[in-house]
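Next up, work_8.txt (compact mmCIF, C-alpha atoms (C1' of nucleotides)):
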# COMPACT_ATOMS: atom_id res chain seq x y z
CA MET A 4 173.90 76.56 -25.34
CA LYS A 5 176.74 76.16 -22.89
CA LYS A 6 180.11 75.36 -24.42
CA GLU A 7 182.48 72.88 -22.87
CA ALA A 8 185.46 74.44 -21.16
CA THR A 9 187.89 72.49 -23.29
CA MET A 10 191.34 73.95 -23.59
CA GLN A 11 193.64 73.95 -26.57
CA ASN A 12 197.35 74.28 -26.25
CA ILE A 13 198.11 77.84 -27.18
CA SER A 14 201.66 79.03 -27.71
CA LEU A 15 203.26 81.65 -25.51
CA ASP A 16 203.55 83.83 -28.59
CA THR A 17 199.87 83.63 -29.33
CA LEU A 18 198.94 84.38 -25.74
CA PHE A 19 201.21 87.41 -25.89
CA GLU A 20 199.55 88.61 -29.09
CA LEU A 21 196.19 88.02 -27.50
CA SER A 22 197.01 90.22 -24.53
CA GLU A 23 198.41 92.87 -26.87
CA PHE A 24 195.18 92.74 -28.81
CA PHE A 25 193.02 93.21 -25.72
CA LYS A 26 195.14 96.20 -24.74
CA PHE A 27 193.63 98.16 -27.61
CA PHE A 28 190.25 97.85 -25.90
CA GLY A 29 191.72 98.61 -22.49
CA ASP A 30 191.80 102.38 -22.76
CA THR A 31 188.85 104.73 -22.34
CA THR A 32 189.77 106.99 -25.22
CA ARG A 33 190.22 104.13 -27.63
CA ILE A 34 187.07 102.31 -26.57
CA ARG A 35 185.11 105.52 -27.03
CA VAL A 36 186.55 105.92 -30.51
CA ILE A 37 185.76 102.30 -31.33
CA HIS A 38 182.25 102.71 -30.00
CA LEU A 39 181.75 105.77 -32.16
CA LEU A 40 183.04 104.06 -35.27
CA LEU A 41 180.73 101.12 -34.74
CA SER A 42 178.00 103.31 -36.20
CA GLY A 43 180.04 104.25 -39.25
CA GLU A 44 183.11 106.07 -40.49
CA MET A 45 183.95 109.53 -39.21
CA SER A 46 186.60 112.20 -39.74
CA VAL A 47 189.25 112.96 -37.12
CA SER A 48 187.83 116.37 -36.31
CA ALA A 49 184.33 114.96 -36.02
CA ILE A 50 185.54 112.28 -33.62
CA ALA A 51 187.37 114.86 -31.54
CA GLU A 52 184.35 117.11 -31.39
CA LYS A 53 181.91 114.32 -30.61
CA LEU A 54 184.09 112.95 -27.82
CA ASN A 55 185.18 116.37 -26.61
CA LEU A 56 188.86 115.51 -27.01
CA GLU A 57 191.80 117.42 -28.42
CA GLN A 58 192.64 116.64 -32.00
CA SER A 59 196.12 115.41 -31.18
CA VAL A 60 194.80 112.99 -28.60
CA VAL A 61 192.49 111.48 -31.18
CA SER A 62 195.22 111.37 -33.82
CA HIS A 63 197.63 109.64 -31.47
CA GLN A 64 195.11 107.00 -30.52
CA LEU A 65 193.99 106.54 -34.11
CA ARG A 66 197.57 105.88 -35.06
CA ILE A 67 197.72 103.07 -32.52
CA LEU A 68 194.51 101.57 -33.85
CA ARG A 69 195.64 102.06 -37.43
CA THR A 70 199.01 100.40 -36.83
CA ALA A 71 197.13 97.43 -35.42
CA ASN A 72 194.85 97.39 -38.47
CA LEU A 73 191.80 97.98 -36.36
CA VAL A 74 190.86 101.13 -38.24
CA LYS A 75 191.38 102.19 -41.82
CA PRO A 76 191.75 105.78 -43.06
CA THR A 77 190.32 107.17 -46.29
CA ARG A 78 191.22 110.63 -47.40
CA ASP A 79 188.60 112.91 -48.91
CA GLY A 80 190.04 116.34 -49.58
CA ARG A 81 191.52 117.65 -46.39
CA LYS A 82 189.56 115.30 -44.21
CA ILE A 83 190.48 111.77 -43.35
CA TYR A 84 187.69 109.40 -42.54
CA TYR A 85 188.36 106.49 -40.23
CA ALA A 86 186.38 103.28 -40.27
CA LEU A 87 186.67 100.03 -38.35
CA ASP A 88 188.71 97.59 -40.41
CA ASP A 89 187.88 94.30 -38.77
CA GLU A 90 184.69 92.30 -38.55
CA HIS A 91 185.60 91.00 -35.10
CA ILE A 92 185.77 94.34 -33.34
CA GLY A 93 182.05 94.72 -32.90
CA GLU A 94 181.77 91.17 -31.68
CA ILE A 95 184.45 91.63 -29.05
CA PHE A 96 183.05 94.97 -28.00
CA ASN A 97 179.58 93.49 -27.57
CA THR A 98 180.81 90.42 -25.73
CA GLY A 99 182.56 92.64 -23.20
CA LEU A 100 179.55 94.90 -23.00
CA ALA A 101 177.26 91.96 -22.29
CA HIS A 102 179.50 91.07 -19.36
CA ILE A 103 179.39 94.60 -17.93
CA MET A 104 175.63 94.82 -18.33
CA HIS A 105 175.14 91.42 -16.75
CA LYS A 106 177.23 92.48 -13.75
CA LYS A 107 175.25 95.70 -13.34
CA LYS A 108 172.07 93.71 -12.86
CA GLY A 109 173.60 91.91 -9.88
CA MET B 24 174.80 85.17 -39.67
CA LYS B 25 176.06 88.72 -39.93
CA LYS B 26 174.74 91.09 -37.33
CA GLU B 27 173.70 94.61 -38.13
CA ALA B 28 176.12 97.26 -36.96
CA THR B 29 173.45 98.98 -34.94
CA MET B 30 174.68 101.16 -32.13
CA GLN B 31 173.13 101.74 -28.75
CA ASN B 32 173.80 104.82 -26.72
CA ILE B 33 176.22 103.74 -24.06
CA SER B 34 177.05 105.98 -21.14
CA LEU B 35 180.54 107.32 -20.58
CA ASP B 36 180.58 105.40 -17.32
CA THR B 37 179.81 102.12 -18.98
CA LEU B 38 182.43 102.70 -21.65
CA PHE B 39 184.94 103.39 -18.90
CA GLU B 40 184.00 100.18 -17.10
CA LEU B 41 184.27 98.32 -20.37
CA SER B 42 187.80 99.53 -20.97
CA GLU B 43 188.70 98.69 -17.37
CA PHE B 44 187.34 95.22 -17.93
CA PHE B 45 189.38 94.65 -21.08
CA LYS B 46 192.50 95.76 -19.22
CA PHE B 47 192.40 92.53 -17.22
CA PHE B 48 192.94 90.64 -20.48
CA GLY B 49 195.58 93.08 -21.65
CA ASP B 50 198.51 91.68 -19.74
CA THR B 51 200.54 88.62 -20.67
CA THR B 52 200.80 87.24 -17.17
CA ARG B 53 197.10 87.56 -16.52
CA ILE B 54 196.06 86.13 -19.85
CA ARG B 55 198.32 83.15 -19.26
CA VAL B 56 196.75 82.62 -15.86
CA ILE B 57 193.27 82.92 -17.33
CA HIS B 58 194.19 80.51 -20.09
CA LEU B 59 195.44 78.01 -17.55
CA LEU B 60 192.33 78.29 -15.39
CA LEU B 61 190.09 77.71 -18.39
CA SER B 62 190.92 74.04 -18.00
CA GLY B 63 190.05 73.98 -14.31
CA GLU B 64 191.01 75.28 -10.89
CA MET B 65 194.63 75.28 -9.77
CA SER B 66 196.67 76.23 -6.71
CA VAL B 67 198.91 79.29 -6.66
CA SER B 68 202.10 77.25 -6.54
CA ALA B 69 200.91 75.03 -9.39
CA ILE B 70 200.15 78.09 -11.51
CA ALA B 71 203.56 79.58 -10.75
CA GLU B 72 205.32 76.35 -11.61
CA LYS B 73 203.34 75.74 -14.78
CA LEU B 74 203.93 79.26 -16.05
CA ASN B 75 207.47 79.47 -14.75
CA LEU B 76 206.74 82.60 -12.75
CA GLU B 77 207.67 83.66 -9.24
CA GLN B 78 205.05 83.01 -6.60
CA SER B 79 204.69 86.66 -5.71
CA VAL B 80 204.08 87.64 -9.32
CA VAL B 81 201.26 85.14 -9.52
CA SER B 82 199.82 86.21 -6.17
CA HIS B 83 199.86 89.86 -7.16
CA GLN B 84 198.09 89.21 -10.44
CA LEU B 85 195.61 86.85 -8.81
CA ARG B 86 194.72 89.59 -6.40
CA ILE B 87 193.88 91.88 -9.28
CA LEU B 88 191.70 89.22 -10.89
CA ARG B 89 190.14 88.35 -7.53
CA THR B 90 189.30 91.96 -6.76
CA ALA B 91 187.56 92.15 -10.11
CA ASN B 92 185.66 88.93 -9.35
CA LEU B 93 187.17 87.18 -12.30
CA VAL B 94 188.65 84.42 -10.16
CA LYS B 95 187.53 82.85 -6.91
CA PRO B 96 189.79 81.29 -4.27
CA THR B 97 189.01 78.17 -2.26
CA ARG B 98 191.29 77.13 0.54
CA ASP B 99 192.14 73.48 1.08
CA GLY B 100 194.62 73.11 3.86
CA ARG B 101 197.61 75.25 3.09
CA LYS B 102 196.81 75.49 -0.57
CA ILE B 103 194.47 77.93 -2.17
CA TYR B 104 192.83 76.88 -5.39
CA TYR B 105 191.79 79.52 -7.86
CA ALA B 106 189.03 79.06 -10.38
CA LEU B 107 187.46 81.35 -12.97
CA ASP B 108 184.40 82.97 -11.46
CA ASP B 109 182.59 84.21 -14.51
CA GLU B 110 180.90 82.43 -17.38
CA HIS B 111 181.85 85.18 -19.82
CA ILE B 112 185.59 84.89 -19.46
CA GLY B 113 185.97 81.90 -21.73
CA GLU B 114 183.73 83.52 -24.31
CA ILE B 115 185.74 86.72 -24.37
CA PHE B 116 189.02 84.83 -24.43
CA ASN B 117 187.88 82.72 -27.36
CA THR B 118 186.48 85.66 -29.29
CA GLY B 119 189.83 87.40 -29.05
CA LEU B 120 191.65 84.22 -29.90
CA ALA B 121 189.52 83.73 -33.00
CA HIS B 122 190.58 87.18 -34.14
CA ILE B 123 194.29 86.44 -33.62
CA MET B 124 194.04 83.11 -35.40
CA HIS B 125 192.14 84.66 -38.27
CA LYS B 126 194.82 87.31 -38.69
CA LYS B 127 197.58 84.70 -38.67
CA LYS B 128 196.06 83.02 -41.69
CA GLY B 129 196.37 86.24 -43.65
C1' DT C 23 205.65 75.34 20.69
C1' DG C 24 208.67 75.36 16.81
C1' DT C 25 209.44 74.55 11.99
C1' DA C 26 208.16 74.06 7.25
C1' DT C 27 205.04 75.10 3.59
C1' DA C 28 201.72 77.98 1.00
C1' DT C 29 200.18 82.29 0.00
C1' DA C 30 199.68 87.43 0.56
C1' DT C 31 201.30 91.93 0.69
C1' DG C 32 203.98 96.46 1.19
C1' DA C 33 207.63 99.30 -0.64
C1' DA C 34 210.88 100.33 -4.02
C1' DT C 35 212.03 100.14 -8.63
C1' DT C 36 211.41 99.88 -13.37
C1' DG C 37 208.90 99.90 -17.55
C1' DT C 38 205.08 101.36 -20.12
C1' DT C 39 201.48 104.34 -21.74
C1' DG C 40 198.64 108.50 -22.37
C1' DT C 41 198.47 113.40 -22.75
C1' DT C 42 200.27 117.93 -23.73
C1' DC C 43 202.47 121.18 -26.42
C1' DA C 44 204.78 122.64 -30.28
C1' DT C 45 205.50 121.93 -34.86
C1' DG C 46 205.38 119.50 -39.38
C1' DT C 47 202.97 117.94 -43.67
C1' DA C 48 199.17 117.76 -46.97
C1' DT C 49 195.32 119.79 -49.24
C1' DT C 50 192.37 123.49 -50.75
C1' DA C 51 191.27 127.94 -52.24
C1' DA C 52 192.11 132.88 -52.68
C1' DT D 14 202.51 131.32 -53.40
C1' DT D 15 200.19 132.62 -49.42
C1' DA D 16 196.82 131.61 -45.97
C1' DA D 17 193.72 128.54 -43.82
C1' DT D 18 192.19 124.01 -42.61
C1' DA D 19 192.79 119.08 -41.35
C1' DC D 20 195.58 115.84 -39.61
C1' DA D 21 200.11 113.66 -37.96
C1' DT D 22 203.96 113.36 -35.10
C1' DG D 23 208.10 114.00 -31.91
C1' DA D 24 209.64 115.10 -27.33
C1' DA D 25 208.80 115.94 -22.58
C1' DC D 26 206.16 114.98 -18.80
C1' DA D 27 203.03 112.64 -15.72
C1' DA D 28 200.47 108.79 -14.36
C1' DC D 29 200.10 104.13 -13.93
C1' DA D 30 201.13 99.25 -13.73
C1' DA D 31 204.17 95.15 -13.28
C1' DT D 32 207.98 92.97 -11.08
C1' DT D 33 211.28 92.30 -7.38
C1' DC D 34 212.56 91.66 -2.82
C1' DA D 35 211.73 91.30 1.82
C1' DT D 36 208.58 90.09 5.10
C1' DA D 37 204.03 88.89 7.07
C1' DT D 38 200.20 85.65 7.85
C1' DA D 39 197.97 81.20 7.91
C1' DT D 40 197.97 76.28 8.13
C1' DA D 41 199.85 71.72 9.09
C1' DC D 42 202.62 68.73 11.47
C1' DA D 43 206.37 67.06 14.48

In structure tokens, what does this structure look like?
Amino acid sequence: MKKEATMQNISLDTLFELSEFFKFFGDTTRIRVIHLLLSGEMSVSAIAEKLNLEQSVVSHQLRILRTANLVKPTRDGRKIYYALDDEHIGEIFNTGLAHIMHKKKG
Amino acid sequence: MKKEATMQNISLDTLFELSEFFKFFGDTTRIRVIHLLLSGEMSVSAIAEKLNLEQSVVSHQLRILRTANLVKPTRDGRKIYYALDDEHIGEIFNTGLAHIMHKKKG
DNA sequence: TGTATATATGAATTGTTGTTCATGTATTAA
DNA sequence: TTAATACATGAACAACAATTCATATATACA
């Protein structure tokens, strides 16, 4: 079950991208949005209401996630529904969560 | 192979901790240090030399990682060797890396 | 002791990021 | 075409985080 700690040579560029990628998960507002969207798509106003955040806060953060292709918008009338646009997001979220939970136990 | 996108109820506190945790991976210097330590422990000066960073930059970032219990120091004479102090770190690193690599392919 | 080496740390500076507030655009319906 | 609703966005501000520089501490050795 335990993987070997072998190490590939990873370019500086890739390591930079990797850190940029983790940054998206490194903000409370964004992680709450991601968590919410893990259970399905949701409109901007619904997200704001559910998380008790101002609409513009949600829109700003959604733009960051959208630019990074982590979420994908779909318009339906006046509403825009956002959904997670990457299979890996849940995996990364859960891996981090497992770590936190494990630490909580002692 | 594909997991269901089921969603637990996660407390605000836990989501905050989770975002704080991901922050450690969201900085180029730290991710480079983590990457380096994935292949084994290393002294501060060796890390600085290998990454072409000033000693104080490395020390400052190591302190952050140490405070979060992500790395563990061991003194040997004048040198202090740092090693990763958490089984999950490699897993999280690799999960993120898989995402980056997957995106690169198109 | 005194000097050199290895690392840590505090303070100042700089750069980055998130939020707020005001306003702009798109869509719907009267 | 006007009003209302839903969302996006730019600019200003505030908070935070990383680096730099100077200096402090700890160890080893002459």

With a cut-off of 8 Å and counting all atoms listed in the file, select all residues of chain B in contact with chain C and give the selection as a PyMOL selection string.
-> chain B and resi 67-68+82+101-103

Kindly provide, as a PyMOL selection string, the residues of chain B having any atom no farther than 12 Å from an atom of chain D, counting all atoms listed in the file.
-> chain B and resi 46-47+49-53+76-84+87+98-103

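Between CA of Thr70 (chain A) and CA of Ile37 (chain A) the separation is 14.5 Å.
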
Kindly indicate which residue among B:Leu120, B:Lys127, B:Asp109, B:Lys95 lies nearest to Ile13 (chain A), using only C-alpha atoms for the distances.
->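 Using only C-alpha atoms, Ile13 (chain A) sits closest to B:Leu120.
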
Could you please select, counting all atoms listed in the file, the residues of chain B within 7 Å of chain A and state them as number ranges by chain?
-> B: 28-30, 38-39, 41-43, 45-46, 48-51, 54-55, 61-62, 111, 115, 118-120, 122-123

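Going from CA of Tyr84 (chain A) to CA of Ala51 (chain A) covers 12.3 Å.
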
Step by step, gather every atom of region 40-45 of chain C that the file lists, find the box along x, y and z that holds them, add 3 Å on each side, and finally give centre and edge lengths in Å to one decimal, as JSON.
{"center_x": 202.0, "center_y": 115.6, "center_z": -28.6, "size_x": 13.0, "size_y": 20.1, "size_z": 18.5}

Between CA of Val36 (chain A) and CA of Ala91 (chain B), what is the distance, to one decimal in Å?
->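 Going from CA of Val36 (chain A) over to CA of Ala91 (chain B), I get 24.6 Å.
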